[in-house]
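See structure below.
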Amino acid sequence: MHSSNADLISETGFPLVFDGHNDVLSKLMKIGGLDVADSFLTGWDGAIDVKRAKTGGFGGGFFAIYIPSPTDEKLRLKAMSQPSFDLPLPEPIPFSKATPFAQEQVAILHHLEKIGALKVCTTTSELRECMANGIIAAIMHIEGAEAIDEDLYALDLFYRAGLRSLGPVWSRSTIFGHGVPFRFPSDGDIGEGLTEHGVRLVKRCNELGILIDLSHLNEAGFWDVAKHSDAPLVATHSNPHKLCESSRNLTDKQLAAIAESDGMVGVNFSVSFLRSDGQKISNIDLELVVRHFDYLIEKLGEDRVGFGSDYDGAVVPDKISSISDLPNLLETMRSYGFDENLLIKLCHNNWLRVLGKTWNE
C-alpha cells in the first residue's frame, strides 16, 4: 500500500509525529513487565500509550531496549539541579546479566504487537502503512549493547526479532565503546573511542541495515563511527552543544559531519539538554525547544532534523509532558513560522528518508 502525505495528517490537523526515542519498554518492565503491559492499550502512568497517541497525533517511533543500572534517582535529580555537576558513570554490565533484561523487553514489545497496540516495523513502507491506518509504528531499538556478545551472535538474533536500530553504548562503557558521563558544562571529548569489537559491530550493522545511533557515544567514538560506517550518521535524541553545554549534546563540528553524511538528529525534549544552564527543571517555555529545532535546521538543513523526545526516560517540559501534548509544541512551531511542508519533514518525512537509506531499501 502506498500512503500519501495527506494520509499522515492526524485528527489534530498537524502531521503525525514519528519520534526518535522513547523508554516505554524499560518503564513497563520496571513496573511489572508482561503482567502490566496491557495497560499500554487502556491507559497507564506513562507519557506514551494508544489513547494518548490518538489525542496527540503520535504516529510511532523508536522503542528502546535499555538495561537498567542501580541508581538513586533522587540523588541524581538533586545533583542535576545544581549549576554544574559531574555524576560518576555506573559500572559496566556483563552480557550474562544484561541478556534477561533485553529479552524481557523484546517480549513486552512483541506482546504489545500481539494485542494490537502497535506493529513492529522493519521497512519504511510498513511505517507509512501503519501511520496511515492509525496503528502505532514501532522500531525496535537497543540503547546500550550490553546484551550483544563479542561474536555478535546475539545481534543476528535480535535482528531476526525485529531490531533495526542500535546505540553501541548508553552512557556507561560496553565492550564496544564508551559513552559520555552526565556532566555539565562539558563536551563529549572524554577518552578513547570504539574498541575492536565496536568497529566490527558497526560494520555488521551496516551489512544488516541496522541504524547506528550516536546519541550516547563519546566524541572519539562518534568519529570512529564516522570513519568506519558507510551509512548516514544519526543521533536519534540529541541537541546542539552550542545552546546547552551538556556532554550529551553535539558540537558544530559533529553536526557538520552528520550533514555531510546526509544523516539527521532528533531533538531531545529532556530539559537537561535543552536549558542553557543544564538543569533538570521542567517549567520552561516551548520557545526553547523551537530554538533547538531552528539551530539544527540552520546547521543540517531542513531535511535532516526530526523529533527525538526521550519520553518515559527523561524530565521533559511541563507543557509537553506526554504525547497527548504534542499539538502544543506544533502550534508553537507554526507560530514561529514553520510552514506545513517543513512540519511534514520534521514530524515524519525526514525519519522515513534516513531510515530508507540506512535500511538499504
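FYI, nothing fancy with the C-alpha cells labels: chains A, B, ... in order, residues from 1 per chain, ligands from 1 as they appear.
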Tell me, as a PyMOL selection string, which residues lie within 12 Å of A:His111, counting only C-alpha atoms; anything in the same chain fewer than 4 positions away does not count. chain A and resi 25+28+33-41+104-107+115-120
Enumerate, in order of chain and increasing residue number, the residues of stretch 192-307 of chain A with an atom no farther than 9 Å from stretch 156-179 of chain A, each with its shortest atom pair and distance in Å to one decimal, counting only C-alpha atoms, as JSON lines.
```
{"residue": "A:Glu192", "atom": "CA", "partner": "A:His178", "partner_atom": "CA", "distance": 7.2}
{"residue": "A:Gly193", "atom": "CA", "partner": "A:Gly177", "partner_atom": "CA", "distance": 6.0}
{"residue": "A:Leu194", "atom": "CA", "partner": "A:Gly177", "partner_atom": "CA", "distance": 4.3}
{"residue": "A:Thr195", "atom": "CA", "partner": "A:Phe176", "partner_atom": "CA", "distance": 5.3}
{"residue": "A:Glu196", "atom": "CA", "partner": "A:Phe176", "partner_atom": "CA", "distance": 7.3}
{"residue": "A:His197", "atom": "CA", "partner": "A:Phe176", "partner_atom": "CA", "distance": 5.3}
{"residue": "A:Gly198", "atom": "CA", "partner": "A:Phe176", "partner_atom": "CA", "distance": 3.8}
{"residue": "A:Val199", "atom": "CA", "partner": "A:Phe176", "partner_atom": "CA", "distance": 7.6}
{"residue": "A:Arg200", "atom": "CA", "partner": "A:Phe176", "partner_atom": "CA", "distance": 8.8}
{"residue": "A:Leu201", "atom": "CA", "partner": "A:Phe176", "partner_atom": "CA", "distance": 7.5}
{"residue": "A:Val202", "atom": "CA", "partner": "A:Pro168", "partner_atom": "CA", "distance": 8.5}
{"residue": "A:Cys205", "atom": "CA", "partner": "A:Leu166", "partner_atom": "CA", "distance": 8.3}
{"residue": "A:Leu208", "atom": "CA", "partner": "A:Tyr159", "partner_atom": "CA", "distance": 8.0}
{"residue": "A:Gly209", "atom": "CA", "partner": "A:Arg164", "partner_atom": "CA", "distance": 7.0}
{"residue": "A:Ile210", "atom": "CA", "partner": "A:Arg164", "partner_atom": "CA", "distance": 4.5}
{"residue": "A:Leu211", "atom": "CA", "partner": "A:Ser165", "partner_atom": "CA", "distance": 4.4}
{"residue": "A:Ile212", "atom": "CA", "partner": "A:Leu166", "partner_atom": "CA", "distance": 5.2}
{"residue": "A:Asp213", "atom": "CA", "partner": "A:Gly167", "partner_atom": "CA", "distance": 4.5}
{"residue": "A:Leu214", "atom": "CA", "partner": "A:Gly167", "partner_atom": "CA", "distance": 6.3}
{"residue": "A:Ser215", "atom": "CA", "partner": "A:Gly167", "partner_atom": "CA", "distance": 7.3}
{"residue": "A:His216", "atom": "CA", "partner": "A:Gly179", "partner_atom": "CA", "distance": 5.3}
{"residue": "A:Leu217", "atom": "CA", "partner": "A:Gly179", "partner_atom": "CA", "distance": 4.4}
{"residue": "A:Asn218", "atom": "CA", "partner": "A:Gly179", "partner_atom": "CA", "distance": 4.8}
{"residue": "A:Glu219", "atom": "CA", "partner": "A:Gly179", "partner_atom": "CA", "distance": 8.6}
{"residue": "A:Ala220", "atom": "CA", "partner": "A:His178", "partner_atom": "CA", "distance": 8.7}
{"residue": "A:Gly221", "atom": "CA", "partner": "A:Gly177", "partner_atom": "CA", "distance": 6.7}
{"residue": "A:Arg248", "atom": "CA", "partner": "A:Gly179", "partner_atom": "CA", "distance": 8.9}
```
N, CA, C and O atoms of the current selection, written as an mmCIF file, in the first residue's frame:
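Output file part_10.cif follows:
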```cif
data_model
loop_
_atom_site.group_PDB
_atom_site.id
_atom_site.type_symbol
_atom_site.label_atom_id
_atom_site.label_comp_id
_atom_site.auth_asym_id
_atom_site.auth_seq_id
_atom_site.Cartn_x
_atom_site.Cartn_y
_atom_site.Cartn_z
ATOM 1 N N GLU A 192 38.880 7.411 25.026
ATOM 2 C CA GLU A 192 39.062 6.573 23.842
ATOM 3 C C GLU A 192 37.751 6.320 23.111
ATOM 4 O O GLU A 192 36.671 6.454 23.675
ATOM 5 N N GLY A 193 37.890 5.891 21.853
ATOM 6 C CA GLY A 193 36.725 5.647 21.022
ATOM 7 C C GLY A 193 36.285 4.198 21.024
ATOM 8 O O GLY A 193 36.338 3.509 22.044
ATOM 9 N N LEU A 194 35.845 3.722 19.857
ATOM 10 C CA LEU A 194 35.368 2.343 19.737
ATOM 11 C C LEU A 194 36.499 1.349 19.975
ATOM 12 O O LEU A 194 37.657 1.601 19.633
ATOM 13 N N THR A 195 36.145 0.201 20.539
ATOM 14 C CA THR A 195 37.087 -0.912 20.639
ATOM 15 C C THR A 195 37.101 -1.675 19.307
ATOM 16 O O THR A 195 36.327 -1.368 18.394
ATOM 17 N N GLU A 196 37.959 -2.669 19.209
ATOM 18 C CA GLU A 196 37.944 -3.519 18.003
ATOM 19 C C GLU A 196 36.587 -4.183 17.826
ATOM 20 O O GLU A 196 36.088 -4.315 16.697
ATOM 21 N N HIS A 197 35.989 -4.605 18.953
ATOM 22 C CA HIS A 197 34.644 -5.195 18.876
ATOM 23 C C HIS A 197 33.646 -4.165 18.360
ATOM 24 O O HIS A 197 32.725 -4.501 17.596
ATOM 25 N N GLY A 198 33.825 -2.910 18.768
ATOM 26 C CA GLY A 198 32.927 -1.850 18.331
ATOM 27 C C GLY A 198 33.000 -1.601 16.835
ATOM 28 O O GLY A 198 31.971 -1.380 16.181
ATOM 29 N N VAL A 199 34.203 -1.642 16.280
ATOM 30 C CA VAL A 199 34.361 -1.456 14.837
ATOM 31 C C VAL A 199 33.667 -2.592 14.085
ATOM 32 O O VAL A 199 32.971 -2.367 13.078
ATOM 33 N N ARG A 200 33.811 -3.828 14.585
ATOM 34 C CA ARG A 200 33.136 -4.968 13.945
ATOM 35 C C ARG A 200 31.620 -4.836 14.058
ATOM 36 O O ARG A 200 30.879 -5.185 13.124
ATOM 37 N N LEU A 201 31.157 -4.326 15.199
ATOM 38 C CA LEU A 201 29.717 -4.120 15.385
ATOM 39 C C LEU A 201 29.184 -3.128 14.355
ATOM 40 O O LEU A 201 28.133 -3.366 13.734
ATOM 41 N N VAL A 202 29.892 -2.026 14.156
ATOM 42 C CA VAL A 202 29.471 -1.019 13.183
ATOM 43 C C VAL A 202 29.384 -1.634 11.785
ATOM 44 O O VAL A 202 28.391 -1.439 11.057
ATOM 45 N N CYS A 205 26.425 -4.003 11.514
ATOM 46 C CA CYS A 205 25.170 -3.252 11.436
ATOM 47 C C CYS A 205 24.971 -2.699 10.025
ATOM 48 O O CYS A 205 23.857 -2.729 9.489
ATOM 49 N N LEU A 208 23.740 -5.556 7.810
ATOM 50 C CA LEU A 208 22.361 -5.959 8.082
ATOM 51 C C LEU A 208 21.365 -4.845 7.758
ATOM 52 O O LEU A 208 20.187 -5.111 7.526
ATOM 53 N N GLY A 209 21.835 -3.590 7.755
ATOM 54 C CA GLY A 209 20.914 -2.473 7.608
ATOM 55 C C GLY A 209 20.312 -2.061 8.937
ATOM 56 O O GLY A 209 19.113 -1.780 9.033
ATOM 57 N N ILE A 210 21.136 -2.041 9.986
ATOM 58 C CA ILE A 210 20.703 -1.566 11.305
ATOM 59 C C ILE A 210 21.269 -0.161 11.507
ATOM 60 O O ILE A 210 22.469 0.055 11.356
ATOM 61 N N LEU A 211 20.394 0.784 11.828
ATOM 62 C CA LEU A 211 20.833 2.149 12.092
ATOM 63 C C LEU A 211 21.743 2.180 13.323
ATOM 64 O O LEU A 211 21.467 1.516 14.323
ATOM 65 N N ILE A 212 22.824 2.948 13.268
ATOM 66 C CA ILE A 212 23.738 3.108 14.403
ATOM 67 C C ILE A 212 23.467 4.463 15.039
ATOM 68 O O ILE A 212 23.634 5.506 14.394
ATOM 69 N N ASP A 213 23.029 4.442 16.289
ATOM 70 C CA ASP A 213 22.670 5.672 16.986
ATOM 71 C C ASP A 213 23.883 6.222 17.733
ATOM 72 O O ASP A 213 24.502 5.539 18.545
ATOM 73 N N LEU A 214 24.204 7.491 17.467
ATOM 74 C CA LEU A 214 25.382 8.142 18.041
ATOM 75 C C LEU A 214 25.088 8.877 19.345
ATOM 76 O O LEU A 214 25.997 9.478 19.932
ATOM 77 N N SER A 215 23.842 8.838 19.805
ATOM 78 C CA SER A 215 23.415 9.771 20.853
ATOM 79 C C SER A 215 24.206 9.714 22.157
ATOM 80 O O SER A 215 24.415 10.748 22.772
ATOM 81 N N HIS A 216 24.619 8.559 22.612
ATOM 82 C CA HIS A 216 25.326 8.491 23.895
ATOM 83 C C HIS A 216 26.829 8.272 23.747
ATOM 84 O O HIS A 216 27.544 8.241 24.745
ATOM 85 N N LEU A 217 27.302 8.098 22.526
ATOM 86 C CA LEU A 217 28.732 7.854 22.320
ATOM 87 C C LEU A 217 29.566 9.082 22.682
ATOM 88 O O LEU A 217 29.136 10.224 22.480
ATOM 89 N N ASN A 218 30.768 8.832 23.188
ATOM 90 C CA ASN A 218 31.689 9.957 23.386
ATOM 91 C C ASN A 218 32.191 10.450 22.024
ATOM 92 O O ASN A 218 31.924 9.847 20.979
ATOM 93 N N GLU A 219 32.935 11.544 22.050
ATOM 94 C CA GLU A 219 33.318 12.173 20.784
ATOM 95 C C GLU A 219 34.246 11.282 19.962
ATOM 96 O O GLU A 219 34.103 11.171 18.742
ATOM 97 N N ALA A 220 35.203 10.631 20.612
ATOM 98 C CA ALA A 220 36.108 9.745 19.870
ATOM 99 C C ALA A 220 35.331 8.598 19.216
ATOM 100 O O ALA A 220 35.627 8.197 18.084
ATOM 101 N N GLY A 221 34.346 8.069 19.920
ATOM 102 C CA GLY A 221 33.501 7.021 19.351
ATOM 103 C C GLY A 221 32.695 7.523 18.171
ATOM 104 O O GLY A 221 32.525 6.810 17.169
ATOM 105 N N ARG A 248 26.182 15.431 26.540
ATOM 106 C CA ARG A 248 25.361 14.612 25.643
ATOM 107 C C ARG A 248 25.050 15.304 24.310
ATOM 108 O O ARG A 248 24.535 14.680 23.390
#
```
From the DSSP assignment of the backbone, select every residue of stretch 41-229 of chain A that is alpha helix (DSSP H), and format the answer as a PyMOL selection string. chain A and resi 41-42+50-56+73-79+95-114+124-132+153-161+196-208+219-228
Counting only C-alpha atoms, give me one row per residue of stretch 22-122 of chain A with an atom at most 9 Å from an atom of stretch 130-151 of chain A, showing the shortest contact pair and its distance in Å to one decimal, sorted by chain then residue number, as a Markdown table.
```
| residue | atom | partner | partner_atom | distance |
| --- | --- | --- | --- | --- |
| A:Val50 | CA | A:Ile136 | CA | 7.6 |
| A:Ala53 | CA | A:Ile136 | CA | 7.7 |
| A:Lys54 | CA | A:Gly134 | CA | 7.9 |
| A:Phe58 | CA | A:Ile136 | CA | 7.5 |
| A:Gly59 | CA | A:Met131 | CA | 5.3 |
| A:Gly60 | CA | A:Ala137 | CA | 4.4 |
| A:Gly61 | CA | A:Ala138 | CA | 5.3 |
| A:Phe62 | CA | A:Ile139 | CA | 4.6 |
| A:Phe63 | CA | A:Met140 | CA | 5.4 |
| A:Ala64 | CA | A:His141 | CA | 4.6 |
| A:Ile65 | CA | A:Ile142 | CA | 4.7 |
| A:Tyr66 | CA | A:Glu143 | CA | 5.3 |
| A:Ile67 | CA | A:Gly144 | CA | 7.3 |
| A:Pro92 | CA | A:Glu146 | CA | 8.2 |
| A:Ile93 | CA | A:Glu146 | CA | 6.4 |
| A:Pro94 | CA | A:Glu146 | CA | 6.5 |
| A:Phe95 | CA | A:Ala147 | CA | 5.1 |
| A:Ser96 | CA | A:Ala147 | CA | 7.6 |
| A:Lys97 | CA | A:Ala147 | CA | 8.1 |
| A:Ala98 | CA | A:Ala147 | CA | 5.0 |
| A:Thr99 | CA | A:Ala147 | CA | 4.7 |
| A:Pro100 | CA | A:Ala147 | CA | 8.3 |
| A:Phe101 | CA | A:Ala147 | CA | 8.3 |
| A:Ala102 | CA | A:Ala147 | CA | 6.5 |
| A:Gln103 | CA | A:Ala147 | CA | 8.7 |
| A:Val106 | CA | A:Met140 | CA | 8.1 |
| A:Leu109 | CA | A:Met140 | CA | 8.1 |
| A:Gly116 | CA | A:Ile135 | CA | 8.2 |
| A:Ala117 | CA | A:Ile136 | CA | 7.0 |
| A:Leu118 | CA | A:Ile136 | CA | 4.5 |
| A:Lys119 | CA | A:Ala137 | CA | 5.4 |
| A:Val120 | CA | A:Ala138 | CA | 4.8 |
| A:Cys121 | CA | A:Ile139 | CA | 5.7 |
| A:Thr122 | CA | A:Ile139 | CA | 7.0 |
```
Just the residues within 10 Å of A:Val290, please, counting only C-alpha atoms, with nothing from its chain fewer than 5 positions along; format it as a PyMOL selection string. chain A and resi 267+285+295-296+329-330+332-334+336+338
Can you build me a table of stretch 297-320 of chain A residues sitting at most 9 Å from stretch 10-18 of chain A, with the closest atom pair per residue and its distance in Å to one decimal, using only C-alpha atoms, sorted by chain and residue number, as a tab-separated table?
```
residue	atom	partner	partner_atom	distance
A:Gly306	CA	A:Phe18	CA	8.2
A:Phe307	CA	A:Phe18	CA	7.0
A:Gly308	CA	A:Phe18	CA	8.7
```
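Note that the spacing between atom CA of A:Met29 and atom CA of A:Glu126 amounts to 26.4 Å.
Proximity ranking of A:Pro90, A:Gly56, A:Gly191, A:Gly266 relative to A:Asp19 places A:Gly266 first, based on only C-alpha atoms.
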Could you tell me, as a list in words, which residues of stretch 75-136 of chain A DSSP assigns to strand (DSSP E or B) when given the backbone? Phe85, Asp86, Leu87, Leu118, Lys119, Val120 and Ile136 of chain A
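If you measure from each of A:Val225, A:Leu87, A:Val24, A:Ile258 to A:Asp312 using only C-alpha atoms, the closest one turns out to be A:Val24.
Of note, atom CA of A:Val265 and atom CA of A:Ala79 are spaced 27.4 Å apart.
A straight line drawn from atom CA of A:Lys319 to atom CA of A:Glu287 is 11.0 Å long.
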Judged by only C-alpha atoms, the minimum distance to A:Gly263 among A:Trp359, A:Trp351, A:Tyr311, A:Phe293 is found for A:Trp351
